[in-house]
Amino acid sequence: MIRPIGVNTWVWTSPLRDVQTRKVLDRVAALGFDAVELPLEQPGDLTVATTRAALEETGLAAYVVGAMAPGRDLVEADAATVAATQDYLRECIDLAHGIGAPAVCGPFYAATGRVWRMSPQQRDTAYAQWRDNLAPVVEHAAAAGVAIGIEPLNRYETSLVNTVDQALEGLAELLGPSLGLALDTYHLGIEERDSADAVRRAGEHLVHVQVCGNDRGAPGGDQTDWVALVRALDEVGYAGPLDIESFTADNDTIATAASIWRPLAPTQDALAADGLAFLRSLTGGDDA
C-alpha cells in the first residue's frame, strides 16, 4: 500500500509558532513530503488562519500532535490540573478541525517524564480516572469530526501506558471512531517484543503511525524490521501516513524531553531527506 509520508516540524524547531510556520512548511514541501505533523506546544502558538494558509500554499496534508508538558495530567492530579489539561486538548482538537487535520495524537494521560510505581489495583484505579477525565475530550473530538490517537510511551517517559495492550485495556469502552491508538516505532522498539505483532493487536483502533530509526534518527539502515512492520500495517488496513518524528538537538526543551544529546544526522535536512527516501522505497512510492 502506498501511503503519504510526512515529517514532524520538531525535526527543525521547537516550539513552532505562526511566525515560522510558512518557512518550515516550505522546507518540508521542498524536500518532497506529502504531509506535516504540527505540534501545538502551547495554545496560541499556531492559529488556524496562518496555518491553513501555509498548508494551502504548500499542498501539505496536516496532522496535529500535542505535548504533555509538566503539569498536564489526567491521572492522579487535582481538579484544576485536569481541567486545564482538558482545555489544552480541546485547543489541539479545535486547531485540527480548523485546518482540516483528521487526527490529534499524543500521550494524553500524564506529563511526559512522570513515572510512579503502581500495584495492579492502583493501575486499575488510574485507568478508570483516565477514562473519566478523557471522556469529555473525546466528546469534543467527536463533535469536531477529529480522531484522537493515544500514544504509548517507553518506560523512561511514563509508567502508565507503555504497550499497545495497556492502552487497549486502559481505554476500554472509550475506544471507537473518535478514539484510537497512535503508534511510534521508537517506543514499540523498546516496549514490545514484536513491533509488527503490536500493530496487529492495535488493529482497527490504529489512528496514526510515527516512524524513526531505533536511535531516533532517520528510518532505514537501523535495527527495525521495516518490512515486517509495513506488512502488518497492510494487514490491519492502515491507510494513513508514515510520519517521521525526530528532534533537533539544538533546542534545550525538546532535546531534554526526548533525551537527544547528540546530532542524529549531518544536518536536520539530511535526516528528513534520508528518511523520506527510505520510506518511499519501502512503500513503493515515487522518489519525488
# chains A, B, ... in the order shown; residues from 1 in each chain; ligands from 1
>>> closest_atom_pairs(of="stretch 60-90 of chain A", to="stretch 228-250 of chain A", cutoff="12 Å", atoms="only C-alpha atoms", output="CSV")
residue,atom,partner,partner_atom,distance
A:Leu60,CA,A:Pro241,CA,11.9
A:Ala61,CA,A:Pro241,CA,9.6
A:Ala62,CA,A:Pro241,CA,10.1
A:Tyr63,CA,A:Asp243,CA,9.2
A:Val64,CA,A:Asp243,CA,11.2
A:Val65,CA,A:Glu245,CA,10.6
>>> write_last_selection(atoms="N, CA, C and O atoms", output="PDB file, in the first residue's frame")
ATOM      1  N   LEU A  60       0.506  20.579   1.575  1.00  0.00           N
ATOM      2  CA  LEU A  60       0.770  19.516   2.538  1.00  0.00           C
ATOM      3  C   LEU A  60      -0.497  19.139   3.310  1.00  0.00           C
ATOM      4  O   LEU A  60      -1.291  20.004   3.682  1.00  0.00           O
ATOM      5  N   ALA A  61      -0.678  17.844   3.527  1.00  0.00           N
ATOM      6  CA  ALA A  61      -1.717  17.385   4.436  1.00  0.00           C
ATOM      7  C   ALA A  61      -1.223  17.573   5.865  1.00  0.00           C
ATOM      8  O   ALA A  61      -0.023  17.459   6.140  1.00  0.00           O
ATOM      9  N   ALA A  62      -2.150  17.845   6.781  1.00  0.00           N
ATOM     10  CA  ALA A  62      -1.758  18.184   8.151  1.00  0.00           C
ATOM     11  C   ALA A  62      -2.249  17.166   9.159  1.00  0.00           C
ATOM     12  O   ALA A  62      -3.338  16.594   9.028  1.00  0.00           O
ATOM     13  N   TYR A  63      -1.423  16.959  10.174  1.00  0.00           N
ATOM     14  CA  TYR A  63      -1.779  16.189  11.357  1.00  0.00           C
ATOM     15  C   TYR A  63      -1.288  16.979  12.558  1.00  0.00           C
ATOM     16  O   TYR A  63      -0.263  17.650  12.486  1.00  0.00           O
ATOM     17  N   VAL A  64      -2.025  16.912  13.655  1.00  0.00           N
ATOM     18  CA  VAL A  64      -1.688  17.684  14.844  1.00  0.00           C
ATOM     19  C   VAL A  64      -1.245  16.737  15.949  1.00  0.00           C
ATOM     20  O   VAL A  64      -1.847  15.677  16.154  1.00  0.00           O
ATOM     21  N   VAL A  65      -0.182  17.111  16.650  1.00  0.00           N
ATOM     22  CA  VAL A  65       0.247  16.363  17.832  1.00  0.00           C
ATOM     23  C   VAL A  65       0.286  17.301  19.021  1.00  0.00           C
ATOM     24  O   VAL A  65       0.539  18.500  18.885  1.00  0.00           O
TER      25      VAL A  65
END
>>> select_by_dssp(residues="stretch 75-119 of chain A", states="strand (DSSP E or B)", output="VMD selection string")
chain A and resid 103 to 106 114
>>> select_by_dssp(residues="stretch 168-210 of chain A", states="alpha helix (DSSP H)", output="MDAnalysis selection string")
chainID A and resid 168:171 185:191 195:202
>>> write_last_selection(atoms="N, CA and C atoms", output="mmCIF file, in the first residue's frame")
data_model
loop_
_atom_site.group_PDB
_atom_site.id
_atom_site.type_symbol
_atom_site.label_atom_id
_atom_site.label_comp_id
_atom_site.auth_asym_id
_atom_site.auth_seq_id
_atom_site.Cartn_x
_atom_site.Cartn_y
_atom_site.Cartn_z
ATOM 1 N N LEU A 168 -5.067 -0.464 25.171
ATOM 2 C CA LEU A 168 -6.376 -1.057 24.899
ATOM 3 C C LEU A 168 -7.124 -1.339 26.193
ATOM 4 N N GLU A 169 -6.403 -1.837 27.192
ATOM 5 C CA GLU A 169 -7.021 -2.110 28.490
ATOM 6 C C GLU A 169 -7.483 -0.824 29.150
ATOM 7 N N GLY A 170 -6.631 0.185 29.137
ATOM 8 C CA GLY A 170 -6.960 1.419 29.830
ATOM 9 C C GLY A 170 -8.106 2.180 29.192
ATOM 10 N N LEU A 171 -8.150 2.193 27.868
ATOM 11 C CA LEU A 171 -9.188 2.954 27.169
ATOM 12 C C LEU A 171 -10.512 2.202 27.111
ATOM 13 N N THR A 185 7.258 3.951 16.239
ATOM 14 C CA THR A 185 8.168 2.810 16.144
ATOM 15 C C THR A 185 9.283 2.868 17.176
ATOM 16 N N TYR A 186 9.660 4.059 17.613
ATOM 17 C CA TYR A 186 10.712 4.173 18.625
ATOM 18 C C TYR A 186 10.269 3.510 19.928
ATOM 19 N N HIS A 187 9.067 3.840 20.390
ATOM 20 C CA HIS A 187 8.567 3.273 21.634
ATOM 21 C C HIS A 187 8.244 1.789 21.475
ATOM 22 N N LEU A 188 7.719 1.409 20.306
ATOM 23 C CA LEU A 188 7.462 -0.008 20.060
ATOM 24 C C LEU A 188 8.747 -0.821 20.188
ATOM 25 N N GLY A 189 9.844 -0.266 19.669
ATOM 26 C CA GLY A 189 11.111 -0.975 19.686
ATOM 27 C C GLY A 189 11.654 -1.215 21.079
ATOM 28 N N ILE A 190 11.236 -0.401 22.030
ATOM 29 C CA ILE A 190 11.688 -0.564 23.416
ATOM 30 C C ILE A 190 10.745 -1.476 24.199
ATOM 31 N N GLU A 191 9.447 -1.300 24.016
ATOM 32 C CA GLU A 191 8.474 -1.922 24.912
ATOM 33 C C GLU A 191 7.816 -3.196 24.382
ATOM 34 N N SER A 195 7.240 -5.616 17.174
ATOM 35 C CA SER A 195 6.534 -4.385 16.776
ATOM 36 C C SER A 195 5.415 -4.678 15.792
ATOM 37 N N ALA A 196 5.651 -5.585 14.851
ATOM 38 C CA ALA A 196 4.622 -5.904 13.872
ATOM 39 C C ALA A 196 3.404 -6.527 14.552
ATOM 40 N N ASP A 197 3.643 -7.398 15.521
ATOM 41 C CA ASP A 197 2.531 -8.006 16.233
ATOM 42 C C ASP A 197 1.773 -6.965 17.048
ATOM 43 N N ALA A 198 2.482 -5.969 17.571
ATOM 44 C CA ALA A 198 1.813 -4.891 18.301
ATOM 45 C C ALA A 198 0.868 -4.118 17.384
ATOM 46 N N VAL A 199 1.310 -3.887 16.148
ATOM 47 C CA VAL A 199 0.442 -3.236 15.165
ATOM 48 C C VAL A 199 -0.813 -4.069 14.948
ATOM 49 N N ARG A 200 -0.631 -5.372 14.829
ATOM 50 C CA ARG A 200 -1.789 -6.245 14.613
ATOM 51 C C ARG A 200 -2.756 -6.188 15.797
ATOM 52 N N ARG A 201 -2.218 -6.108 17.003
ATOM 53 C CA ARG A 201 -3.090 -6.034 18.177
ATOM 54 C C ARG A 201 -3.836 -4.706 18.228
ATOM 55 N N ALA A 202 -3.213 -3.651 17.763
ATOM 56 C CA ALA A 202 -3.930 -2.363 17.675
ATOM 57 C C ALA A 202 -5.061 -2.453 16.667
#
>>> residues_around(residues="A:Gln20", least_positions_apart="3", cutoff="12 Å", atoms="only C-alpha atoms", output="VMD selection string")
chain A and resid 9 12 to 17 23 to 27 38 45 to 47 50 to 51 54
>>> closest_residue(among="A:Thr256, A:Leu179, A:Ala49, A:Gly217", to="A:Asp269", atoms="only C-alpha atoms")
A:Gly217
>>> residues_around(residues="A:Trp116", least_positions_apart="2", cutoff="10 Å", atoms="only C-alpha atoms", output="NGL selection string")
:A and (113-114 or 118 or 158-160)
>>> write_last_selection(atoms="N, CA, C and O atoms", output="short mmCIF file (atom, residue, chain, number, x, y, z; two decimals), in the first residue's frame")
data_model
loop_
_atom_site.label_atom_id
_atom_site.label_comp_id
_atom_site.auth_asym_id
_atom_site.auth_seq_id
_atom_site.Cartn_x
_atom_site.Cartn_y
_atom_site.Cartn_z
N GLY A 113 7.55 12.06 31.16
CA GLY A 113 8.60 12.02 32.17
C GLY A 113 8.10 11.75 33.58
O GLY A 113 8.90 11.50 34.48
N ARG A 114 6.80 11.77 33.76
CA ARG A 114 6.23 11.50 35.08
C ARG A 114 6.07 9.99 35.26
O ARG A 114 5.35 9.34 34.47
N MET A 118 3.00 1.44 40.60
CA MET A 118 1.59 1.13 40.83
C MET A 118 1.41 -0.37 41.04
O MET A 118 2.00 -1.17 40.32
N THR A 158 7.11 7.31 30.83
CA THR A 158 5.86 7.17 31.57
C THR A 158 5.84 5.79 32.20
O THR A 158 6.49 4.86 31.72
N SER A 159 5.09 5.65 33.27
CA SER A 159 4.86 4.33 33.86
C SER A 159 3.41 3.89 33.68
O SER A 159 3.02 2.82 34.15
N LEU A 160 2.62 4.69 32.97
CA LEU A 160 1.18 4.42 32.89
C LEU A 160 0.79 3.60 31.66
O LEU A 160 0.05 2.62 31.77
#
>>> closest_residue(among="A:Pro177, A:Gly213, A:Gly284, A:Gly149", to="A:Val104", atoms="only C-alpha atoms")
A:Gly149
>>> closest_residue(among="A:Ile150, A:Leu134, A:Tyr127, A:Ala35", to="A:Ala83", atoms="only C-alpha atoms")
A:Leu134
>>> atom_distance(atom1="atom CA of A:Glu91", atom2="atom CA of A:Pro43")
6.4 Å
>>> residues_around(residues="stretch 70-75 of chain A", least_positions_apart="6", cutoff="12 Å", atoms="only C-alpha atoms", output="PyMOL selection string")
chain A and resi 41-42+81-89+107-116+122-137+157-161+170+253+257
>>> closest_residue(among="A:Trp10, A:Trp261, A:Phe278, A:Phe33", to="A:Gly66", atoms="only C-alpha atoms")
A:Trp10
>>> closest_residue(among="A:Ile260, A:Ala172, A:Val138, A:Ala53", to="A:Gly100", atoms="only C-alpha atoms")
A:Ala53
>>> decode(residues="stretch 16-135 of chain A", atoms="C-alpha atoms", output="PDB file, in the first residue's frame")
ATOM      1  CA  LEU A  16       6.622  26.003  16.162  1.00  0.00           C
ATOM      2  CA  ARG A  17       4.833  29.355  16.036  1.00  0.00           C
ATOM      3  CA  ASP A  18       2.926  31.282  13.385  1.00  0.00           C
ATOM      4  CA  VAL A  19       5.921  33.442  12.518  1.00  0.00           C
ATOM      5  CA  GLN A  20       7.908  30.333  11.489  1.00  0.00           C
ATOM      6  CA  THR A  21       5.184  28.185  10.009  1.00  0.00           C
ATOM      7  CA  ARG A  22       5.388  29.168   6.347  1.00  0.00           C
ATOM      8  CA  LYS A  23       9.183  28.926   6.255  1.00  0.00           C
ATOM      9  CA  VAL A  24       9.246  25.486   7.873  1.00  0.00           C
ATOM     10  CA  LEU A  25       6.402  24.148   5.724  1.00  0.00           C
ATOM     11  CA  ASP A  26       8.124  25.443   2.599  1.00  0.00           C
ATOM     12  CA  ARG A  27      11.158  23.381   3.611  1.00  0.00           C
ATOM     13  CA  VAL A  28       9.020  20.284   4.230  1.00  0.00           C
ATOM     14  CA  ALA A  29       7.333  20.632   0.845  1.00  0.00           C
ATOM     15  CA  ALA A  30      10.615  21.308  -0.969  1.00  0.00           C
ATOM     16  CA  LEU A  31      12.043  18.065   0.415  1.00  0.00           C
ATOM     17  CA  GLY A  32       9.149  16.208  -1.190  1.00  0.00           C
ATOM     18  CA  PHE A  33       6.946  15.242   1.753  1.00  0.00           C
ATOM     19  CA  ASP A  34       3.203  14.747   1.393  1.00  0.00           C
ATOM     20  CA  ALA A  35       2.260  15.639   4.953  1.00  0.00           C
ATOM     21  CA  VAL A  36       3.419  17.505   8.028  1.00  0.00           C
ATOM     22  CA  GLU A  37       2.915  16.945  11.741  1.00  0.00           C
ATOM     23  CA  LEU A  38       2.252  20.177  13.569  1.00  0.00           C
ATOM     24  CA  PRO A  39       2.911  20.217  17.328  1.00  0.00           C
ATOM     25  CA  LEU A  40       0.800  22.615  19.350  1.00  0.00           C
ATOM     26  CA  GLU A  41       3.006  23.014  22.408  1.00  0.00           C
ATOM     27  CA  GLN A  42       1.093  25.959  23.871  1.00  0.00           C
ATOM     28  CA  PRO A  43      -2.354  27.342  22.977  1.00  0.00           C
ATOM     29  CA  GLY A  44      -1.890  30.298  20.671  1.00  0.00           C
ATOM     30  CA  ASP A  45       1.414  29.136  19.170  1.00  0.00           C
ATOM     31  CA  LEU A  46      -0.435  28.284  15.962  1.00  0.00           C
ATOM     32  CA  THR A  47      -3.560  29.977  14.662  1.00  0.00           C
ATOM     33  CA  VAL A  48      -5.991  28.470  12.206  1.00  0.00           C
ATOM     34  CA  ALA A  49      -5.771  31.272   9.647  1.00  0.00           C
ATOM     35  CA  THR A  50      -1.984  31.359   9.381  1.00  0.00           C
ATOM     36  CA  THR A  51      -1.573  27.582   9.479  1.00  0.00           C
ATOM     37  CA  ARG A  52      -4.314  26.940   6.936  1.00  0.00           C
ATOM     38  CA  ALA A  53      -2.807  29.484   4.539  1.00  0.00           C
ATOM     39  CA  ALA A  54       0.634  27.827   4.778  1.00  0.00           C
ATOM     40  CA  LEU A  55      -0.892  24.404   4.176  1.00  0.00           C
ATOM     41  CA  GLU A  56      -2.828  25.617   1.160  1.00  0.00           C
ATOM     42  CA  GLU A  57       0.256  27.233  -0.355  1.00  0.00           C
ATOM     43  CA  THR A  58       2.447  24.166   0.155  1.00  0.00           C
ATOM     44  CA  GLY A  59      -0.164  21.491  -0.578  1.00  0.00           C
ATOM     45  CA  LEU A  60       0.770  19.516   2.538  1.00  0.00           C
ATOM     46  CA  ALA A  61      -1.717  17.385   4.436  1.00  0.00           C
ATOM     47  CA  ALA A  62      -1.758  18.184   8.151  1.00  0.00           C
ATOM     48  CA  TYR A  63      -1.779  16.189  11.357  1.00  0.00           C
ATOM     49  CA  VAL A  64      -1.688  17.684  14.844  1.00  0.00           C
ATOM     50  CA  VAL A  65       0.247  16.363  17.832  1.00  0.00           C
ATOM     51  CA  GLY A  66       0.076  17.504  21.415  1.00  0.00           C
ATOM     52  CA  ALA A  67       2.808  17.834  24.020  1.00  0.00           C
ATOM     53  CA  MET A  68       2.166  16.704  27.566  1.00  0.00           C
ATOM     54  CA  ALA A  69       4.424  19.184  29.300  1.00  0.00           C
ATOM     55  CA  PRO A  70       4.888  19.191  33.086  1.00  0.00           C
ATOM     56  CA  GLY A  71       1.582  19.967  34.765  1.00  0.00           C
ATOM     57  CA  ARG A  72      -0.558  18.361  32.062  1.00  0.00           C
ATOM     58  CA  ASP A  73      -2.155  15.333  33.682  1.00  0.00           C
ATOM     59  CA  LEU A  74      -5.439  13.442  33.520  1.00  0.00           C
ATOM     60  CA  VAL A  75      -4.495  10.909  36.210  1.00  0.00           C
ATOM     61  CA  GLU A  76      -3.655  11.335  39.904  1.00  0.00           C
ATOM     62  CA  ALA A  77      -3.997  15.114  39.637  1.00  0.00           C
ATOM     63  CA  ASP A  78      -6.088  17.829  41.252  1.00  0.00           C
ATOM     64  CA  ALA A  79      -9.264  19.072  39.604  1.00  0.00           C
ATOM     65  CA  ALA A  80      -7.699  22.307  38.344  1.00  0.00           C
ATOM     66  CA  THR A  81      -4.855  20.443  36.637  1.00  0.00           C
ATOM     67  CA  VAL A  82      -7.258  18.015  34.988  1.00  0.00           C
ATOM     68  CA  ALA A  83      -9.480  20.841  33.767  1.00  0.00           C
ATOM     69  CA  ALA A  84      -6.522  22.770  32.353  1.00  0.00           C
ATOM     70  CA  THR A  85      -5.283  19.637  30.582  1.00  0.00           C
ATOM     71  CA  GLN A  86      -8.722  19.014  29.108  1.00  0.00           C
ATOM     72  CA  ASP A  87      -8.839  22.612  27.883  1.00  0.00           C
ATOM     73  CA  TYR A  88      -5.424  22.235  26.264  1.00  0.00           C
ATOM     74  CA  LEU A  89      -6.506  19.056  24.466  1.00  0.00           C
ATOM     75  CA  ARG A  90      -9.635  20.824  23.238  1.00  0.00           C
ATOM     76  CA  GLU A  91      -7.377  23.556  21.824  1.00  0.00           C
ATOM     77  CA  CYS A  92      -5.454  20.881  19.910  1.00  0.00           C
ATOM     78  CA  ILE A  93      -8.703  19.444  18.571  1.00  0.00           C
ATOM     79  CA  ASP A  94     -10.001  22.870  17.552  1.00  0.00           C
ATOM     80  CA  LEU A  95      -6.769  23.572  15.653  1.00  0.00           C
ATOM     81  CA  ALA A  96      -7.050  20.237  13.872  1.00  0.00           C
ATOM     82  CA  HIS A  97     -10.663  20.892  12.965  1.00  0.00           C
ATOM     83  CA  GLY A  98      -9.857  24.386  11.717  1.00  0.00           C
ATOM     84  CA  ILE A  99      -7.039  23.266   9.412  1.00  0.00           C
ATOM     85  CA  GLY A 100      -8.644  20.056   8.188  1.00  0.00           C
ATOM     86  CA  ALA A 101      -6.396  17.645  10.074  1.00  0.00           C
ATOM     87  CA  PRO A 102      -8.141  14.315  10.708  1.00  0.00           C
ATOM     88  CA  ALA A 103      -6.351  13.415  13.919  1.00  0.00           C
ATOM     89  CA  VAL A 104      -4.728  14.733  17.094  1.00  0.00           C
ATOM     90  CA  CYS A 105      -2.195  12.386  18.629  1.00  0.00           C
ATOM     91  CA  GLY A 106      -0.028  12.148  21.711  1.00  0.00           C
ATOM     92  CA  PRO A 107       0.409  10.591  25.156  1.00  0.00           C
ATOM     93  CA  PHE A 108      -2.757  12.119  26.526  1.00  0.00           C
ATOM     94  CA  TYR A 109      -2.782  10.720  30.044  1.00  0.00           C
ATOM     95  CA  ALA A 110       0.116  12.158  32.085  1.00  0.00           C
ATOM     96  CA  ALA A 111       3.016  14.548  31.769  1.00  0.00           C
ATOM     97  CA  THR A 112       5.879  13.089  29.773  1.00  0.00           C
ATOM     98  CA  GLY A 113       8.599  12.024  32.168  1.00  0.00           C
ATOM     99  CA  ARG A 114       6.229  11.497  35.085  1.00  0.00           C
ATOM    100  CA  VAL A 115       6.668   7.986  36.493  1.00  0.00           C
ATOM    101  CA  TRP A 116       5.454   6.251  39.637  1.00  0.00           C
ATOM    102  CA  ARG A 117       5.058   2.698  40.878  1.00  0.00           C
ATOM    103  CA  MET A 118       1.589   1.129  40.835  1.00  0.00           C
ATOM    104  CA  SER A 119       0.131  -2.109  42.103  1.00  0.00           C
ATOM    105  CA  PRO A 120      -2.361  -3.843  39.778  1.00  0.00           C
ATOM    106  CA  GLN A 121      -5.207  -2.369  41.800  1.00  0.00           C
ATOM    107  CA  GLN A 122      -3.713   1.119  41.667  1.00  0.00           C
ATOM    108  CA  ARG A 123      -3.281   0.777  37.919  1.00  0.00           C
ATOM    109  CA  ASP A 124      -6.930  -0.199  37.539  1.00  0.00           C
ATOM    110  CA  THR A 125      -7.915   2.879  39.535  1.00  0.00           C
ATOM    111  CA  ALA A 126      -5.642   5.103  37.451  1.00  0.00           C
ATOM    112  CA  TYR A 127      -7.116   3.753  34.231  1.00  0.00           C
ATOM    113  CA  ALA A 128     -10.637   4.423  35.500  1.00  0.00           C
ATOM    114  CA  GLN A 129      -9.638   8.017  36.308  1.00  0.00           C
ATOM    115  CA  TRP A 130      -8.098   8.330  32.875  1.00  0.00           C
ATOM    116  CA  ARG A 131     -11.286   7.213  31.133  1.00  0.00           C
ATOM    117  CA  ASP A 132     -13.435   9.534  33.226  1.00  0.00           C
ATOM    118  CA  ASN A 133     -11.228  12.552  32.550  1.00  0.00           C
ATOM    119  CA  LEU A 134     -10.613  11.782  28.884  1.00  0.00           C
ATOM    120  CA  ALA A 135     -14.278  11.165  28.051  1.00  0.00           C
TER     121      ALA A 135
END
